file my_file29.cif (mmCIF, C-alpha atoms and all ligand atoms)
data_structure
#
loop_
_atom_site.label_atom_id
_atom_site.label_comp_id
_atom_site.auth_asym_id
_atom_site.auth_seq_id
_atom_site.Cartn_x
_atom_site.Cartn_y
_atom_site.Cartn_z
CA MET A 203 -120.07 11.22 148.80
CA ILE A 204 -121.69 9.00 146.19
CA ASP A 205 -123.06 5.64 147.36
CA VAL A 206 -122.64 3.16 144.50
CA TYR A 207 -124.58 -0.12 144.43
CA THR A 208 -122.76 -2.44 142.12
CA TRP A 209 -121.13 -5.75 141.21
CA THR A 210 -118.16 -6.87 139.08
CA THR A 211 -119.89 -6.96 135.66
CA GLY A 212 -119.11 -4.48 132.88
CA ASN A 213 -122.09 -2.26 133.70
CA GLY A 214 -121.02 -2.36 137.33
CA ARG A 215 -117.63 -0.81 136.54
CA LYS A 216 -118.77 2.26 134.58
CA VAL A 217 -119.63 4.44 137.59
CA PRO A 218 -116.48 3.58 139.61
CA ILE A 219 -114.38 4.42 136.52
CA PHE A 220 -116.04 7.82 136.23
CA LEU A 221 -115.63 8.48 139.97
CA GLU A 222 -111.95 7.45 139.92
CA GLU A 223 -111.33 9.57 136.82
CA THR A 224 -112.78 12.64 138.50
CA GLY A 225 -111.50 12.03 142.03
CA THR A 226 -115.07 12.10 143.35
CA PRO A 227 -115.44 10.47 146.80
CA TYR A 228 -117.56 7.31 146.72
CA ARG A 229 -118.50 4.23 148.71
CA LEU A 230 -119.08 0.84 147.11
CA HIS A 231 -122.04 -1.28 148.26
CA MET A 232 -121.83 -4.72 146.77
CA VAL A 233 -124.99 -6.36 145.44
CA ASP A 234 -124.19 -9.97 144.54
CA ILE A 235 -126.40 -10.43 141.49
CA HIS A 236 -125.27 -14.07 141.16
CA ASN A 237 -126.81 -14.65 144.56
CA GLY A 238 -130.13 -12.89 143.90
CA GLU A 239 -129.39 -9.81 146.04
CA GLN A 240 -130.87 -7.52 143.36
CA HIS A 241 -134.28 -8.91 144.38
CA ALA A 242 -133.95 -7.87 148.04
CA PRO A 243 -136.74 -5.45 149.08
CA GLU A 244 -134.23 -2.81 150.22
CA PHE A 245 -132.51 -2.87 146.80
CA ILE A 246 -135.81 -2.76 144.87
CA LYS A 247 -136.48 0.56 146.63
CA ILE A 248 -133.27 1.84 144.99
CA ASN A 249 -133.85 0.24 141.59
CA PRO A 250 -137.34 -1.12 140.85
CA ASN A 251 -135.82 -2.77 137.74
CA ARG A 252 -133.62 -4.89 140.06
CA LYS A 253 -130.30 -4.37 138.30
CA ILE A 254 -126.96 -2.83 139.13
CA PRO A 255 -125.61 -0.17 139.01
CA ALA A 256 -127.55 2.39 141.03
CA ILE A 257 -126.43 5.36 143.09
CA ILE A 258 -127.58 7.53 145.94
CA ASP A 259 -126.12 11.02 146.09
CA GLN A 260 -127.00 12.55 149.48
CA ASP A 261 -126.11 15.95 148.04
CA GLY A 262 -128.31 15.89 144.95
CA PRO A 263 -130.11 18.75 143.18
CA GLY A 264 -131.21 21.42 145.66
CA GLY A 265 -129.07 19.78 148.35
CA LYS A 266 -131.56 16.90 148.57
CA PRO A 267 -130.72 13.19 148.18
CA ILE A 268 -131.25 11.68 144.74
CA THR A 269 -131.44 7.98 143.88
CA LEU A 270 -130.70 6.97 140.27
CA PHE A 271 -130.53 3.76 138.26
CA GLU A 272 -129.60 3.04 134.59
CA SER A 273 -125.89 3.55 134.10
CA GLY A 274 -126.34 6.00 131.20
CA ALA A 275 -128.55 8.27 133.29
CA ILE A 276 -126.13 8.01 136.22
CA LEU A 277 -123.16 8.97 134.02
CA ILE A 278 -125.01 11.99 132.57
CA TYR A 279 -125.97 13.08 136.09
CA LEU A 280 -122.44 12.72 137.44
CA ALA A 281 -120.81 14.34 134.40
CA ASP A 282 -123.13 17.34 134.75
CA LYS A 283 -122.55 17.51 138.51
CA VAL A 284 -118.77 17.27 138.34
CA GLY A 285 -118.40 19.17 135.03
CA GLN A 286 -116.13 16.57 133.41
CA PHE A 287 -116.27 14.06 130.55
CA MET A 288 -119.34 15.72 129.03
CA PRO A 289 -118.28 18.45 126.56
CA LYS A 290 -119.71 21.92 127.15
CA ASP A 291 -120.01 22.74 123.45
CA PRO A 292 -123.66 21.85 122.55
CA ALA A 293 -122.93 19.80 119.41
CA SER A 294 -120.25 17.76 121.19
CA ARG A 295 -122.59 17.27 124.15
CA TYR A 296 -125.29 15.82 121.89
CA HIS A 297 -122.75 13.56 120.16
CA THR A 298 -121.70 12.30 123.58
CA ILE A 299 -125.32 11.52 124.44
CA GLU A 300 -125.78 9.94 121.00
CA TRP A 301 -122.87 7.49 121.49
CA LEU A 302 -123.88 6.87 125.10
CA MET A 303 -127.37 5.91 123.85
CA PHE A 304 -125.72 3.73 121.18
CA GLN A 305 -123.99 1.87 124.00
CA MET A 306 -127.10 1.59 126.18
CA ALA A 307 -129.45 0.51 123.36
CA ASN A 308 -127.09 -1.65 121.29
CA ILE A 309 -123.71 -2.53 122.77
CA GLY A 310 -125.02 -3.60 126.18
CA PRO A 311 -128.12 -5.58 125.19
CA LEU A 312 -126.76 -7.21 122.00
CA LEU A 313 -123.18 -7.98 123.05
CA GLY A 314 -124.77 -9.24 126.27
CA GLN A 315 -126.87 -11.70 124.25
CA ALA A 316 -123.83 -12.81 122.21
CA HIS A 317 -122.11 -13.64 125.50
CA HIS A 318 -125.25 -15.24 126.94
CA PHE A 319 -125.79 -17.68 124.04
CA ARG A 320 -122.09 -18.52 123.91
CA SER A 321 -121.93 -19.36 127.62
CA LYS A 322 -125.43 -20.69 128.37
CA ALA A 323 -126.84 -22.08 125.11
CA PRO A 324 -123.93 -22.81 122.74
CA ASP A 325 -126.01 -25.47 120.95
CA ASN A 326 -128.66 -22.92 119.99
CA ALA A 327 -127.32 -22.22 116.48
CA TYR A 328 -129.99 -19.62 115.68
CA GLY A 329 -129.37 -17.48 118.79
CA LEU A 330 -125.62 -17.87 118.56
CA LYS A 331 -125.51 -16.73 114.91
CA ARG A 332 -128.04 -13.93 115.35
CA TYR A 333 -126.17 -12.28 118.22
CA THR A 334 -122.64 -13.02 117.01
CA ASP A 335 -123.58 -11.38 113.68
CA GLU A 336 -124.98 -8.40 115.58
CA ALA A 337 -121.82 -8.20 117.68
CA THR A 338 -119.69 -8.24 114.51
CA ARG A 339 -121.85 -5.51 113.00
CA LEU A 340 -121.58 -3.32 116.13
CA TRP A 341 -117.83 -3.80 116.49
CA THR A 342 -117.58 -2.77 112.80
CA VAL A 343 -119.65 0.37 113.46
CA MET A 344 -117.31 1.32 116.32
CA ASP A 345 -114.20 0.56 114.27
CA GLY A 346 -115.48 2.85 111.49
CA ARG A 347 -116.21 5.68 113.91
CA LEU A 348 -112.87 5.34 115.69
CA GLY A 349 -111.12 5.38 112.32
CA GLU A 350 -112.51 8.90 111.85
CA MET A 351 -112.26 10.27 115.40
CA PRO A 352 -109.97 9.67 118.40
CA TYR A 353 -112.96 8.96 120.68
CA LEU A 354 -116.55 7.87 120.09
CA ALA A 355 -118.10 11.31 120.51
CA GLY A 356 -115.27 13.18 118.77
CA ASN A 357 -112.00 14.64 119.99
CA ASP A 358 -112.52 14.15 123.73
CA TYR A 359 -112.63 11.18 126.10
CA THR A 360 -116.22 11.22 127.44
CA ILE A 361 -118.76 9.19 129.38
CA ALA A 362 -119.66 7.51 126.05
CA ASP A 363 -116.16 5.97 125.97
CA ILE A 364 -116.33 4.93 129.63
CA ALA A 365 -119.71 3.24 129.09
CA THR A 366 -118.56 1.38 125.96
CA TYR A 367 -115.04 0.38 127.00
CA VAL A 368 -116.28 -1.91 129.79
CA TRP A 369 -118.20 -4.01 127.25
CA LEU A 370 -115.16 -4.72 125.09
CA ARG A 371 -112.90 -6.34 127.69
CA ASN A 372 -113.76 -9.92 126.72
CA PRO A 373 -114.13 -9.99 122.93
CA LYS A 374 -113.93 -13.78 122.72
CA ASN A 375 -117.13 -14.05 124.76
CA GLN A 376 -118.83 -12.24 121.88
CA GLY A 377 -117.12 -14.24 119.11
CA GLN A 378 -114.81 -11.29 118.34
CA ASN A 379 -111.07 -10.73 118.12
CA LEU A 380 -109.65 -7.30 119.02
CA ASP A 381 -106.99 -7.66 116.31
CA ASP A 382 -109.70 -7.61 113.62
CA TYR A 383 -110.63 -4.04 114.65
CA PRO A 384 -107.45 -1.90 114.63
CA ASN A 385 -109.20 1.38 115.47
CA VAL A 386 -111.10 -0.14 118.38
CA LYS A 387 -107.83 -1.72 119.50
CA ARG A 388 -106.01 1.63 119.53
CA TRP A 389 -108.85 3.27 121.50
CA PHE A 390 -109.36 0.31 123.87
CA THR A 391 -105.66 0.00 124.68
CA ALA A 392 -105.43 3.71 125.52
CA ILE A 393 -108.46 3.64 127.83
CA ASP A 394 -107.43 0.38 129.47
CA ALA A 395 -104.03 1.90 130.32
CA ARG A 396 -105.51 4.88 132.16
CA PRO A 397 -104.52 4.71 135.86
CA ALA A 398 -108.02 5.72 137.01
CA VAL A 399 -109.53 2.89 134.98
CA GLN A 400 -107.18 0.36 136.55
CA ARG A 401 -107.88 1.79 140.02
CA ALA A 402 -111.61 1.30 139.46
CA HIS A 403 -111.18 -2.33 138.35
CA LYS A 404 -109.08 -3.01 141.44
CA ALA A 405 -111.56 -1.28 143.76
CA VAL A 406 -114.54 -3.23 142.43
CA GLU A 407 -112.73 -6.58 142.38
CA GLU A 408 -111.34 -6.14 145.90
CA ALA A 409 -114.72 -5.03 147.25
CA ALA A 410 -116.40 -8.10 145.73
CA GLU A 411 -113.78 -10.47 147.15
CA LYS A 412 -114.10 -8.88 150.58
CA TYR A 413 -117.89 -9.04 150.37
CA LYS A 414 -117.92 -12.71 149.35
CA ALA A 415 -115.51 -13.59 152.18
CA MET A 416 -117.68 -11.67 154.65
CA LYS A 417 -120.83 -13.50 153.44
CA LYS A 418 -119.07 -16.87 153.65
CA ALA A 419 -117.98 -16.19 157.20
CA SER A 420 -121.43 -15.05 158.38
N1 LIG A 501 -129.35 -0.83 131.15
C1 LIG A 501 -128.91 -1.15 132.48
C2 LIG A 501 -128.45 -2.59 132.49
C3 LIG A 501 -128.10 -3.06 133.88
C4 LIG A 501 -127.86 -4.55 133.90
O1 LIG A 501 -128.22 -5.31 132.98
N2 LIG A 501 -127.24 -4.99 135.01
C5 LIG A 501 -126.99 -6.40 135.17
C6 LIG A 501 -125.54 -6.65 135.49
S1 LIG A 501 -124.49 -6.11 134.17
C7 LIG A 501 -127.80 -6.92 136.35
O2 LIG A 501 -127.92 -6.28 137.36
N3 LIG A 501 -128.34 -8.13 136.20
C8 LIG A 501 -129.07 -8.78 137.25
C9 LIG A 501 -130.35 -9.38 136.76
O3 LIG A 501 -130.67 -9.20 135.57
O4 LIG A 501 -131.04 -10.02 137.55
C10 LIG A 501 -127.77 -0.21 132.90
O5 LIG A 501 -126.95 0.12 132.03
O6 LIG A 501 -127.71 0.20 134.07
#
call {"tool": "encode", "arguments": {"input": "my_file29.cif", "output": "structure tokens", "more": "lines below"}}
Ligand SMILES: N[C@@H](CCC(=O)N[C@@H](CS)C(=O)NCC(=O)O)C(=O)O
result
Amino acid sequence: MIDVYTWTTGNGRKVPIFLEETGTPYRLHMVDIHNGEQHAPEFIKINPNRKIPAIIDQDGPGGKPITLFESGAILIYLADKVGQFMPKDPASRYHTIEWLMFQMANIGPLLGQAHHFRSKAPDNAYGLKRYTDEATRLWTVMDGRLGEMPYLAGNDYTIADIATYVWLRNPKNQGQNLDDYPNVKRWFTAIDARPAVQRAHKAVEEAAEKYKAMKKAS
């Protein structure tokens, strides 16, 4: 049983998608980051960086519990544990890690800033242009790669695709249009249609609604 501490943001959906894809039992624990719950002392013990997602696997290495934060690290851990969505062939494994790092170091932080300036500081022309240009550049990098390969790391659907897909669900928030990137569109549409992916979205959204209703009532 994997305990998943999460919320409804893109990063918060990566781990549930992996767990649904692999049929791994999990429990969702909602951390309402719009209500400051990431700063609660009990959550800081799980992630000192105060961000979702994080997990606790009671049956970690050596049968001992393990607590992990940073979604890329969590996905590598789970893929190794379950033996899925991380290719066994060494070169393909490293390409999976490479594209996962590309997501963690570029897609998340920079597309996040493009969204941030658009929604919170739309009059800041410098920030808006800087991060929209970066978003355009990154979407172009992905479109080039997906024009050469079916998936980011190569021939197989991997944790690199799961981690990246969640960031591309609202292109307009980043000043982008999916139709301008036909290879990304082909890849995105295929991943979005996967039943496990839709199950994960539903699970996270329902858990958040239930949690908010419970908080309101208390
Ligand atoms: N690199 C981290 C990023 C995590 C992250 O930025 N989480 C956001 C939600 S998507 C969060 O918890 N924000 C709350 C805050 O910054 O206070 C990961 O991939 O796990």
call {"tool": "residues_around", "arguments": {"input": "my_file29.cif", "residues": "segment 359-365 of chain A", "least_positions_apart": "5", "cutoff": "7 Å", "atoms": "all atoms listed in the file", "output": "PyMOL selection string"}}
result
chain A and resi 216+277+287-288+298+301-302+305+353-354
call {"tool": "write_last_selection", "arguments": {"input": "my_file29.cif", "atoms": "C-alpha atoms", "output": "PDB file, keeping the file's coordinate frame"}}
result
ATOM      1  CA  LYS A 216    -118.770   2.260 134.580  1.00  0.00           C
ATOM      2  CA  LEU A 277    -123.160   8.970 134.020  1.00  0.00           C
ATOM      3  CA  PHE A 287    -116.270  14.060 130.550  1.00  0.00           C
ATOM      4  CA  MET A 288    -119.340  15.720 129.030  1.00  0.00           C
ATOM      5  CA  THR A 298    -121.700  12.300 123.580  1.00  0.00           C
ATOM      6  CA  TRP A 301    -122.870   7.490 121.490  1.00  0.00           C
ATOM      7  CA  LEU A 302    -123.880   6.870 125.100  1.00  0.00           C
ATOM      8  CA  GLN A 305    -123.990   1.870 124.000  1.00  0.00           C
ATOM      9  CA  TYR A 353    -112.960   8.960 120.680  1.00  0.00           C
ATOM     10  CA  LEU A 354    -116.550   7.870 120.090  1.00  0.00           C
TER      11      LEU A 354
END
call {"tool": "residues_near_ligand", "arguments": {"input": "my_file29.cif", "ligand": "ligand LIG 501 (chain A)", "cutoff": "7 Å", "atoms": "all atoms listed in the file", "output": "list in words"}}
result
Thr211, Gly212, Asn213, Gly214, Ile235, Gln240, Arg252, Lys253, Ile254, Pro255, Phe271, Glu272, Ser273, Gly274 and Met306 of chain A
call {"tool": "closest_residue", "arguments": {"input": "my_file29.cif", "among": "A:Ala410, A:Ala327, A:Gly356, A:Asp282", "to": "Thr208 of chain A", "atoms": "all atoms listed in the file"}}
result
A:Ala410
call {"tool": "closest_residue", "arguments": {"input": "my_file29.cif", "among": "A:Leu330, A:Met232, A:Val343, A:Ala323", "to": "Phe304 of chain A", "atoms": "all atoms listed in the file"}}
result
A:Val343
call {"tool": "atom_distance", "arguments": {"input": "my_file29.cif", "atom1": "atom CA of Lys322 of chain A", "atom2": "atom CA of Arg371 of chain A"}}
result
19.1 Å
